[in-house]
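Undergrad: Next comes the structure file data-v3.tsv, holding TSV, C-alpha atoms and all ligand atoms.
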chain	number	residue	atom	x	y	z
H	1031	MET	CA	3.58	6.65	16.98
H	1032	GLY	CA	0.96	6.92	19.68
H	1033	LEU	CA	-0.08	4.92	22.69
H	1034	THR	CA	1.41	1.45	22.91
H	1035	LYS	CA	-1.59	-0.13	24.64
H	1036	ILE	CA	-5.21	0.54	23.70
H	1037	LYS	CA	-8.70	-0.87	23.83
H	1038	HIS	CA	-10.65	-0.91	20.60
H	1039	SER	CA	-14.42	-1.27	20.20
H	1040	SER	CA	-13.98	-3.96	17.53
H	1041	HIS	CA	-12.18	-6.19	20.04
H	1042	SER	CA	-13.19	-4.79	23.38
H	1043	GLU	CA	-12.50	-7.91	25.44
H	1044	HIS	CA	-8.69	-7.55	25.34
H	1045	PHE	CA	-6.02	-4.89	25.19
H	1046	LEU	CA	-4.17	-4.32	21.92
H	1047	LEU	CA	-0.45	-3.66	21.93
H	1048	LEU	CA	1.50	-1.65	19.37
H	1049	LYS	CA	4.04	-4.06	17.85
H	1050	TYR	CA	6.30	-4.68	14.92
H	1051	PRO	CA	4.88	-7.97	13.72
H	1052	ARG	CA	7.38	-10.61	12.58
H	1053	GLU	CA	5.29	-11.56	9.59
H	1054	PRO	CA	2.73	-9.94	7.31
H	1055	TYR	CA	-0.71	-9.78	8.85
H	1056	GLU	CA	-4.27	-9.29	7.74
H	1057	CYS	CA	-5.90	-6.33	9.43
H	1058	ASN	CA	-9.11	-7.37	11.17
H	1059	GLY	CA	-10.51	-3.90	10.55
H	1060	CYS	CA	-10.16	-3.25	6.82
H	1061	LYS	CA	-9.13	-6.86	5.94
H	1062	GLY	CA	-6.09	-5.49	4.10
H	1063	LEU	CA	-2.48	-6.63	4.24
H	1064	GLY	CA	-0.08	-4.99	6.66
H	1065	LEU	CA	3.68	-5.26	6.98
H	1066	GLY	CA	4.52	-2.45	9.35
H	1067	PRO	CA	3.73	-1.68	12.99
H	1068	CYS	CA	0.23	-2.56	14.09
H	1069	TYR	CA	-1.97	-3.08	17.11
H	1070	GLU	CA	-2.03	-6.74	18.04
H	1071	CYS	CA	-4.16	-8.43	20.68
H	1072	GLU	CA	-2.09	-9.20	23.74
H	1073	HIS	CA	-3.50	-12.74	23.72
H	1074	GLU	CA	-1.58	-14.60	21.05
H	1075	ASP	CA	-4.42	-17.07	20.51
H	1076	CYS	CA	-6.61	-14.28	19.18
H	1077	SER	CA	-4.46	-13.41	16.16
H	1078	PHE	CA	-6.19	-10.08	16.11
H	1079	TYR	CA	-4.44	-7.23	14.27
H	1080	LEU	CA	-5.32	-3.68	13.33
H	1081	HIS	CA	-3.36	-1.31	11.11
H	1082	GLU	CA	-2.33	1.69	13.15
H	1083	GLU	CA	-4.54	3.82	10.89
H	1084	CYS	CA	-7.49	1.48	11.42
H	1085	ALA	CA	-7.03	1.39	15.19
H	1086	LYS	CA	-6.81	5.19	15.33
H	1087	ALA	CA	-9.48	6.02	12.77
H	1088	SER	CA	-11.33	9.18	13.77
H	1089	PRO	CA	-15.13	9.40	13.33
H	1090	SER	CA	-14.78	11.91	10.51
H	1091	ALA	CA	-12.09	12.89	8.05
H	1092	PHE	CA	-11.36	15.04	5.03
H	1093	HIS	CA	-9.05	14.67	2.07
H	1094	SER	CA	-8.19	17.51	-0.25
H	1095	PHE	CA	-8.48	15.26	-3.33
H	1096	SER	CA	-12.16	14.42	-2.95
H	1097	LYS	CA	-13.05	17.51	-0.90
H	1098	CYS	CA	-16.03	15.85	0.76
H	1099	SER	CA	-16.63	15.13	4.39
H	1100	LEU	CA	-15.97	11.51	5.11
H	1101	ARG	CA	-17.38	9.44	7.90
H	1102	PHE	CA	-15.86	6.35	9.37
H	1103	HIS	CA	-17.83	3.09	9.23
H	1104	SER	CA	-16.77	-0.30	10.53
H	1105	ARG	CA	-18.77	-1.69	7.61
H	1106	ALA	CA	-19.68	0.13	4.40
H	1107	PRO	CA	-23.26	1.33	4.80
H	1108	GLN	CA	-24.03	0.49	1.19
H	1109	GLU	CA	-24.67	-3.11	0.32
H	1110	ASP	CA	-23.17	-3.21	-3.16
H	1111	GLU	CA	-19.56	-4.00	-3.97
H	1112	ARG	CA	-17.36	-1.07	-3.00
H	1113	PHE	CA	-13.84	-0.18	-4.10
H	1114	CYS	CA	-11.37	2.17	-2.50
H	1115	ASP	CA	-11.01	5.30	-4.61
H	1116	ALA	CA	-7.34	5.56	-3.69
H	1117	CYS	CA	-5.99	2.03	-4.16
H	1118	GLY	CA	-8.74	0.33	-6.17
H	1119	GLN	CA	-8.98	-2.68	-3.85
H	1120	ASP	CA	-12.25	-3.99	-2.43
H	1121	VAL	CA	-13.75	-2.42	0.64
H	1122	LEU	CA	-14.38	-5.31	2.99
H	1123	GLY	CA	-14.45	-3.68	6.40
H	1124	PHE	CA	-13.34	-0.38	7.92
H	1125	VAL	CA	-13.96	2.45	5.47
H	1126	TYR	CA	-14.36	6.19	5.20
H	1127	GLN	CA	-17.32	7.08	3.04
H	1128	CYS	CA	-18.91	10.38	2.03
H	1129	LYS	CA	-22.56	11.18	1.44
H	1130	HIS	CA	-22.35	11.79	-2.30
H	1131	LYS	CA	-24.90	9.94	-4.42
H	1132	LYS	CA	-21.96	7.97	-5.79
H	1133	PRO	CA	-19.94	7.95	-2.60
H	1134	HIS	CA	-16.21	8.09	-2.30
H	1135	ASP	CA	-14.72	5.21	-0.33
H	1136	TYR	CA	-11.29	5.06	1.25
H	1137	HIS	CA	-9.48	2.54	3.39
H	1138	PRO	CA	-8.26	4.26	6.57
H	1139	SER	CA	-4.64	3.50	5.65
H	1140	CYS	CA	-5.11	4.84	2.11
H	1141	LEU	CA	-6.58	8.08	3.41
H	1142	LYS	CA	-3.37	8.58	5.36
H	1143	LEU	CA	-0.98	7.95	2.46
H	1144	GLN	CA	1.96	10.32	2.62
H	1145	ARG	CA	1.81	13.23	0.18
H	1146	SER	CA	5.44	12.89	-0.74
H	1147	LEU	CA	8.09	10.21	-0.35
H	1148	THR	CA	11.83	10.70	-0.48
H	1149	ALA	CA	14.40	8.00	-1.16
H	1150	ASP	CA	17.95	8.08	0.20
H	1151	ASP	CA	19.24	9.07	-3.26
H	1152	GLY	CA	16.95	12.10	-3.26
H	1153	THR	CA	14.29	10.63	-5.57
H	1154	ARG	CA	11.00	12.25	-4.65
H	1155	LEU	CA	7.53	10.97	-5.38
H	1156	HIS	CA	4.34	12.94	-4.98
H	1157	LEU	CA	0.84	11.63	-4.41
H	1158	ARG	CA	-1.48	12.71	-7.23
H	1159	GLU	CA	-5.17	12.33	-7.83
H	1160	LYS	CA	-4.67	12.18	-11.59
H	1161	LEU	CA	-1.85	10.69	-13.59
H	1162	PRO	CA	0.10	13.21	-15.71
H	1163	SER	CA	1.24	10.37	-17.98
H	1164	LYS	CA	0.76	6.62	-18.27
H	1165	CYS	CA	1.47	4.32	-15.35
H	1166	LEU	CA	4.74	2.49	-15.96
H	1167	ASN	CA	3.25	-0.74	-14.69
H	1168	CYS	CA	0.03	-1.05	-16.66
H	1169	GLY	CA	0.73	1.45	-19.43
H	1170	SER	CA	-2.59	3.14	-18.86
H	1171	ARG	CA	-4.08	6.11	-17.07
H	1172	LYS	CA	-6.99	4.13	-15.66
H	1173	THR	CA	-6.26	1.23	-13.35
H	1174	TRP	CA	-7.01	-2.37	-14.25
H	1175	ASN	CA	-10.48	-2.34	-12.70
H	1176	GLY	CA	-11.46	0.99	-14.20
H	1177	ILE	CA	-11.11	2.99	-10.98
H	1178	LYS	CA	-9.15	6.15	-11.55
H	1179	GLY	CA	-7.24	5.77	-8.32
H	1180	TRP	CA	-4.36	7.74	-6.91
H	1181	SER	CA	-0.78	7.60	-8.13
H	1182	TYR	CA	2.74	8.43	-7.10
H	1183	VAL	CA	4.65	10.53	-9.59
H	1184	SER	CA	8.32	11.48	-9.44
H	1185	SER	CA	9.35	15.13	-9.38
H	1186	CYS	CA	10.78	14.74	-12.90
H	1187	GLY	CA	7.48	13.24	-14.08
H	1188	GLN	CA	9.21	10.23	-15.61
H	1189	TYR	CA	8.12	7.66	-13.03
H	1190	CYS	CA	4.39	7.25	-12.50
H	1191	TYR	CA	2.76	4.35	-10.75
H	1192	HIS	CA	-0.81	3.71	-9.76
H	1193	VAL	CA	-1.12	3.00	-6.06
H	1194	ALA	CA	-3.50	0.25	-7.25
H	1195	CYS	CA	-0.85	-1.38	-9.44
H	1196	VAL	CA	1.82	-1.48	-6.76
H	1197	LYS	CA	-0.62	-2.71	-4.15
H	1198	ASP	CA	-1.92	-5.42	-6.44
H	1199	MET	CA	1.61	-6.56	-7.24
H	1200	ILE	CA	2.42	-7.07	-3.57
H	1201	LEU	CA	-0.91	-8.70	-2.79
H	1202	LYS	CA	-0.36	-11.23	-5.57
H	1203	LYS	CA	3.08	-12.01	-4.14
H	1204	TRP	CA	1.57	-12.40	-0.73
H	1205	LYS	CA	-1.08	-14.83	-1.96
H	1206	LYS	CA	1.57	-16.83	-3.79
H	1207	GLY	CA	3.52	-17.23	-0.56
H	1208	TYR	CA	6.24	-14.80	-1.55
H	1209	PHE	CA	6.64	-13.70	2.04
H	1210	LEU	CA	7.81	-16.60	4.14
H	1211	GLN	CA	6.74	-17.19	7.71
H	1212	ASP	CA	10.12	-16.35	9.20
H	1213	GLY	CA	10.02	-12.86	7.72
H	1214	ASN	CA	12.36	-13.71	4.86
H	1215	VAL	CA	11.59	-13.27	1.23
H	1216	ASN	CA	11.36	-16.18	-1.17
H	1217	GLU	CA	14.75	-16.10	-2.92
H	1218	THR	CA	13.73	-17.86	-6.10
H	1219	ASP	CA	11.18	-15.19	-6.79
H	1220	ASN	CA	13.16	-12.14	-5.90
H	1221	TYR	CA	13.93	-10.80	-9.32
H	1222	LEU	CA	10.61	-11.69	-10.93
H	1223	ALA	CA	8.87	-9.60	-8.32
H	1224	LEU	CA	9.53	-6.33	-10.03
H	1225	GLN	CA	9.93	-7.35	-13.64
H	1226	SER	CA	6.25	-7.00	-14.34
H	1227	ALA	CA	6.32	-3.51	-12.95
H	1228	ILE	CA	9.24	-2.16	-14.93
H	1229	PRO	CA	8.33	-0.80	-18.34
H	1230	SER	CA	9.14	-3.31	-21.05
H	1231	ARG	CA	10.78	-0.71	-23.27
H	1232	GLU	CA	13.33	-0.14	-20.57
H	1233	LEU	CA	13.70	-3.84	-19.94
H	1234	GLU	CA	14.72	-4.26	-23.58
H	1235	LEU	CA	17.16	-1.43	-23.21
H	1236	SER	CA	18.81	-2.94	-20.20
H	1237	SER	CA	18.90	-6.47	-21.58
H	1238	GLY	CA	20.46	-5.30	-24.85
H	1239	LYS	CA	23.44	-3.01	-24.84
H	1240	SER	CA	23.67	-2.28	-21.16
H	1241	SER	CA	24.17	1.43	-21.19
H	1242	SER	CA	24.59	3.19	-17.91
H	1243	LYS	CA	21.52	5.24	-18.75
H	1244	ALA	CA	19.31	2.18	-19.04
H	1245	ARG	CA	20.72	0.86	-15.79
H	1246	ASN	CA	19.94	4.12	-14.10
H	1247	ILE	CA	16.34	4.10	-15.32
H	1248	TRP	CA	15.97	0.52	-14.12
H	1249	ARG	CA	17.35	1.37	-10.72
H	1250	LYS	CA	15.22	4.47	-10.31
H	1251	ALA	CA	12.05	2.67	-11.33
H	1252	LYS	CA	12.76	0.00	-8.74
H	1253	LYS	CA	13.48	2.58	-6.10
H	1254	ALA	CA	10.20	4.33	-6.88
H	1255	ILE	CA	8.24	1.10	-6.47
H	1256	MET	CA	9.99	0.28	-3.20
H	1257	LEU	CA	9.13	3.70	-1.81
H	1258	ILE	CA	5.49	3.21	-2.74
H	1259	ILE	CA	5.43	-0.27	-1.20
H	1260	SER	CA	6.73	1.04	2.09
H	1261	ALA	CA	4.18	3.86	2.05
H	1262	LEU	CA	1.35	1.44	1.29
H	1263	PHE	CA	2.08	-1.31	3.75
H	1264	GLY	CA	3.80	0.35	6.64
H	1265	ASP	CA	7.12	1.28	8.05
H	1266	PRO	CA	10.10	0.14	5.97
H	1267	THR	CA	12.20	-0.94	8.92
H	1268	THR	CA	11.19	-4.59	9.06
H	1269	LEU	CA	10.10	-6.75	6.17
H	1270	ILE	CA	10.31	-4.03	3.60
H	1271	SER	CA	13.99	-3.49	4.20
H	1272	LEU	CA	14.59	-7.17	3.45
H	1273	LEU	CA	12.59	-6.84	0.30
H	1274	VAL	CA	14.45	-3.72	-0.70
H	1275	GLN	CA	17.83	-5.32	-0.11
H	1276	GLN	CA	16.98	-8.29	-2.25
H	1277	LEU	CA	15.13	-6.53	-4.99
H	1278	LEU	CA	17.54	-3.66	-5.43
H	1279	SER	CA	20.64	-5.82	-5.69
H	1280	ASP	CA	21.32	-6.35	-9.36
J	1301	ZN	ZN	-6.67	-1.97	8.35
J	1302	ZN	ZN	-7.93	-10.80	21.88
J	1303	ZN	ZN	-7.39	1.71	-0.40
J	1304	ZN	ZN	-17.47	12.31	-1.97
J	1305	ZN	ZN	-1.04	1.23	-13.33
Can you turn what I pasted into C-alpha cells?

TA:
Amino acid sequence: MGLTKIKHSSHSEHFLLLKYPREPYECNGCKGLGLGPCYECEHEDCSFYLHEECAKASPSAFHSFSKCSLRFHSRAPQEDERFCDACGQDVLGFVYQCKHKKPHDYHPSCLKLQRSLTADDGTRLHLREKLPSKCLNCGSRKTWNGIKGWSYVSSCGQYCYHVACVKDMILKKWKKGYFLQDGNVNETDNYLALQSAIPSRELELSSGKSSSKARNIWRKAKKAIMLIISALFGDPTTLISLLVQQLLSD
C-alpha cells in the first residue's frame, strides 16, 4: 500500500484518502465495483472513490499476455463499445489501450490481477490467458459475451473459472442488493450465491449420496471462487471475509 493521502487529476479540488470503505463502492475512474481499500475523497459529500489501481495508474503499462504497449486513458479514445479483454465487462472510464488495429483494452484493476492466488488450505490458482478446459461456471471456453477473457486455473487443472464469470456473478448480486448497507451479506441469499457457479454434475453428486469426495470437490470449487472474488474486488479483509464465512459454511 502506498501513500495514504493523494491528489488526483480526476478530482483535483480535494485530497483523496486511502481507506477501507464500509460498503461496496463504484469507482469514479473505471466505473467498476470495488470492495477493498480505495482512495476516497476526504469530503464525505463528494462520494468520490477510486480503486487503488485506478488512482495509481501509470501513463503506460505492459502485460505479458497481450505483449503490446498499453497507454492509460481516462476515457477510451475509440467511440465504439469497448470490453475489457481480461474480465469481459464494459469499458466505461479509465482504461489501458494499445495501438493495435483491434486494440486490447484493460481495466486498470484487471491489468494488475495477481498471477497466482493461494488459499489457506494450499489450493493454488494461476492466471491464464487461455482456458485449458471448460469453465466450471459456464461450461464453455469462451465467455458469455464472446470475449476470450482471462481465467484462473488450479494447479491440478480441475478448477477453471473465467474471470468474467466470477465478476459477473458478483455484479449481479450487487445489483440485486445482495450486499447490504451495513457491510453484512443478505442471509436469505447466501447459499444461492454460489450454486450457479458450481458445476451441476457435482451438485448432483453432492445432493445424492453424499460421498466425502463430492463434498471435497464442492468445497474446493467454492474456495476457488472465493479466491478469485477477493483478487477481483480487492483485499479480502473486510467484506469478502464476511462473504467467505457465510458462503463456505455448509
Ligand atoms: Zn477503478
Ligand atoms: Zn471531493
Ligand atoms: Zn476488466
Ligand atoms: Zn494490443
Ligand atoms: Zn465461464

Undergrad: Residues within 6 Å of ligand ZN 1303 (chain J), counting all atoms listed in the file: report them as a ChimeraX atom specification.

TA: /H:1114,1116-1117,1119,1136-1137,1140

Undergrad: Would you pick out the contacts of range 1041-1049 of chain H at 8 Å or less, using only C-alpha atoms, so that residues sharing its chain but fewer than 5 positions from it are not included, and give the list as a tab-separated table (two decimals) with C-alpha atoms, in the frame of the given file?

TA:
chain	number	residue	atom	x	y	z
H	1033	LEU	CA	-0.08	4.92	22.69
H	1034	THR	CA	1.41	1.45	22.91
H	1035	LYS	CA	-1.59	-0.13	24.64
H	1036	ILE	CA	-5.21	0.54	23.70
H	1067	PRO	CA	3.73	-1.68	12.99
H	1068	CYS	CA	0.23	-2.56	14.09
H	1069	TYR	CA	-1.97	-3.08	17.11
H	1070	GLU	CA	-2.03	-6.74	18.04
H	1071	CYS	CA	-4.16	-8.43	20.68
H	1072	GLU	CA	-2.09	-9.20	23.74
H	1073	HIS	CA	-3.50	-12.74	23.72

Undergrad: Step by step, measure atom-to-atom distances between ligand ZN 1305 (chain J) and each residue using all atoms listed in the file, keep those at most 12 Å, then write them as a PyMOL selection string.

TA: chain H and resi 1117-1118+1160-1161+1163-1183+1189-1199+1226-1229+1255

Undergrad: Can you spit out the residues from that selection as a PDB file, keeping the file's coordinate frame, using C-alpha atoms?

TA:
ATOM      1  CA  CYS H1117      -5.990   2.030  -4.160  1.00  0.00           C
ATOM      2  CA  GLY H1118      -8.740   0.330  -6.170  1.00  0.00           C
ATOM      3  CA  LYS H1160      -4.670  12.180 -11.590  1.00  0.00           C
ATOM      4  CA  LEU H1161      -1.850  10.690 -13.590  1.00  0.00           C
ATOM      5  CA  SER H1163       1.240  10.370 -17.980  1.00  0.00           C
ATOM      6  CA  LYS H1164       0.760   6.620 -18.270  1.00  0.00           C
ATOM      7  CA  CYS H1165       1.470   4.320 -15.350  1.00  0.00           C
ATOM      8  CA  LEU H1166       4.740   2.490 -15.960  1.00  0.00           C
ATOM      9  CA  ASN H1167       3.250  -0.740 -14.690  1.00  0.00           C
ATOM     10  CA  CYS H1168       0.030  -1.050 -16.660  1.00  0.00           C
ATOM     11  CA  GLY H1169       0.730   1.450 -19.430  1.00  0.00           C
ATOM     12  CA  SER H1170      -2.590   3.140 -18.860  1.00  0.00           C
ATOM     13  CA  ARG H1171      -4.080   6.110 -17.070  1.00  0.00           C
ATOM     14  CA  LYS H1172      -6.990   4.130 -15.660  1.00  0.00           C
ATOM     15  CA  THR H1173      -6.260   1.230 -13.350  1.00  0.00           C
ATOM     16  CA  TRP H1174      -7.010  -2.370 -14.250  1.00  0.00           C
ATOM     17  CA  ASN H1175     -10.480  -2.340 -12.700  1.00  0.00           C
ATOM     18  CA  GLY H1176     -11.460   0.990 -14.200  1.00  0.00           C
ATOM     19  CA  ILE H1177     -11.110   2.990 -10.980  1.00  0.00           C
ATOM     20  CA  LYS H1178      -9.150   6.150 -11.550  1.00  0.00           C
ATOM     21  CA  GLY H1179      -7.240   5.770  -8.320  1.00  0.00           C
ATOM     22  CA  TRP H1180      -4.360   7.740  -6.910  1.00  0.00           C
ATOM     23  CA  SER H1181      -0.780   7.600  -8.130  1.00  0.00           C
ATOM     24  CA  TYR H1182       2.740   8.430  -7.100  1.00  0.00           C
ATOM     25  CA  VAL H1183       4.650  10.530  -9.590  1.00  0.00           C
ATOM     26  CA  TYR H1189       8.120   7.660 -13.030  1.00  0.00           C
ATOM     27  CA  CYS H1190       4.390   7.250 -12.500  1.00  0.00           C
ATOM     28  CA  TYR H1191       2.760   4.350 -10.750  1.00  0.00           C
ATOM     29  CA  HIS H1192      -0.810   3.710  -9.760  1.00  0.00           C
ATOM     30  CA  VAL H1193      -1.120   3.000  -6.060  1.00  0.00           C
ATOM     31  CA  ALA H1194      -3.500   0.250  -7.250  1.00  0.00           C
ATOM     32  CA  CYS H1195      -0.850  -1.380  -9.440  1.00  0.00           C
ATOM     33  CA  VAL H1196       1.820  -1.480  -6.760  1.00  0.00           C
ATOM     34  CA  LYS H1197      -0.620  -2.710  -4.150  1.00  0.00           C
ATOM     35  CA  ASP H1198      -1.920  -5.420  -6.440  1.00  0.00           C
ATOM     36  CA  MET H1199       1.610  -6.560  -7.240  1.00  0.00           C
ATOM     37  CA  SER H1226       6.250  -7.000 -14.340  1.00  0.00           C
ATOM     38  CA  ALA H1227       6.320  -3.510 -12.950  1.00  0.00           C
ATOM     39  CA  ILE H1228       9.240  -2.160 -14.930  1.00  0.00           C
ATOM     40  CA  PRO H1229       8.330  -0.800 -18.340  1.00  0.00           C
ATOM     41  CA  ILE H1255       8.240   1.100  -6.470  1.00  0.00           C
TER      42      ILE H1255
END

Undergrad: Closest to Glu1056 in chain H among H:Pro1089, H:Phe1263, H:Ser1094, H:Asp1150, using only C-alpha atoms?

TA: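 Closest residue, counting only C-alpha atoms: H:Phe1263.
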
Undergrad: Go ahead and compute the interatomic distance for CA of Arg1158 in chain H and CA of Gly1066 in chain H, in Å to one decimal.

TA: 23.3 Å

Undergrad: Within 8 Å of ligand ZN 1301 (chain J), which residues of chain H show up? Give each one with its shortest atom-to-atom distance in Å (one decimal) and the two atoms involved, counting all atoms listed in the file, rows by chain then rising residue number, as a Markdown table.

TA:
| residue | atom | partner | partner_atom | distance |
| --- | --- | --- | --- | --- |
| H:Glu1056 | CA | J:ZN1301 | ZN | 7.7 |
| H:Cys1057 | CA | J:ZN1301 | ZN | 4.6 |
| H:Asn1058 | CA | J:ZN1301 | ZN | 6.6 |
| H:Gly1059 | CA | J:ZN1301 | ZN | 4.8 |
| H:Cys1060 | CA | J:ZN1301 | ZN | 4.0 |
| H:Lys1061 | CA | J:ZN1301 | ZN | 6.0 |
| H:Gly1062 | CA | J:ZN1301 | ZN | 5.5 |
| H:Leu1063 | CA | J:ZN1301 | ZN | 7.5 |
| H:Gly1064 | CA | J:ZN1301 | ZN | 7.4 |
| H:Leu1080 | CA | J:ZN1301 | ZN | 5.4 |
| H:His1081 | CA | J:ZN1301 | ZN | 4.4 |
| H:Glu1082 | CA | J:ZN1301 | ZN | 7.4 |
| H:Glu1083 | CA | J:ZN1301 | ZN | 6.7 |
| H:Cys1084 | CA | J:ZN1301 | ZN | 4.7 |
| H:Ala1085 | CA | J:ZN1301 | ZN | 7.6 |
| H:Phe1124 | CA | J:ZN1301 | ZN | 6.9 |
| H:His1137 | CA | J:ZN1301 | ZN | 7.3 |
| H:Pro1138 | CA | J:ZN1301 | ZN | 6.7 |
| H:Ser1139 | CA | J:ZN1301 | ZN | 6.4 |

Undergrad: State, in Å with one decimal place, the distance from CA of Ser1104 in chain H to CA of Ser1146 in chain H.

TA: 28.2 Å

Undergrad: Enumerate residues in contact with ligand ZN 1304 (chain J): an atom-to-atom distance of at most 12 Å, counting only C-alpha atoms and all ligand atoms. Format the result as a list in words.

TA: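 Answer in the requested format: Ala1091, Phe1092, His1093, Ser1094, Phe1095, Ser1096, Lys1097, Cys1098, Ser1099, Leu1100, Arg1101, Cys1114, Asp1115, Tyr1126, Gln1127, Cys1128, Lys1129, His1130, Lys1131, Lys1132, Pro1133, His1134, Asp1135 and Tyr1136 of chain H.
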
Undergrad: In Å to one decimal, how far is CA of Ser1184 in chain H from CA of Leu1157 in chain H?

TA: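 Atom-to-atom, CA of Leu1157 in chain H and CA of Ser1184 in chain H are spaced 9.0 Å apart.
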
Undergrad: Let me have the centre and edge lengths in Å, one decimal, of the box along x, y and z around every listed atom of range 1146-1163 of chain H with 6 Å of margin on each side, as JSON.

TA:
{"center_x": 7.0, "center_y": 10.6, "center_z": -8.9, "size_x": 36.4, "size_y": 17.2, "size_z": 30.2}

Undergrad: Pull the neighbourhood of (-21.0, -4.5, -3.1) for me: all residues within 12 Å in file coordinates, counting all atoms listed in the file, as a PyMOL selection string.

TA: chain H and resi 1105-1114+1120-1123+1135

Undergrad: Find the residue from H:Ser1077, H:Thr1153, H:Ser1039, H:Ile1200 that sits nearest to ligand ZN 1302 (chain J); use all atoms listed in the file when measuring.

TA: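 Selected residue with least distance to ligand ZN 1302 (chain J): H:Ser1077.
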
Undergrad: For each of H:Cys1186, H:Leu1147, H:Ala1087, H:Ile1247, take the minimum atom-to-atom distance to Ile1259 in chain H, counting all atoms listed in the file, then give the residue where this is smallest.

TA: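 Answer, going by the shortest atom-to-atom distance: H:Leu1147.
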
Undergrad: Return the single residue from H:Cys1076, H:Leu1065, H:Val1125, H:Leu1143 that is closest to ligand ZN 1302 (chain J), with distances computed using only C-alpha atoms and all ligand atoms.

TA: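 That would be H:Cys1076, the residue with the smallest distance to ligand ZN 1302 (chain J).
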
Undergrad: Please identify all polymer residues within 12 Å of Asp1151 in chain H, counting all atoms listed in the file, omitting same-chain residues fewer than 6 positions from it, and present them as a list of chain:residue names.

TA: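 The filter keeps H:Asn1246, H:Arg1249, H:Lys1250, H:Lys1253, H:Ala1254, H:Leu1257.
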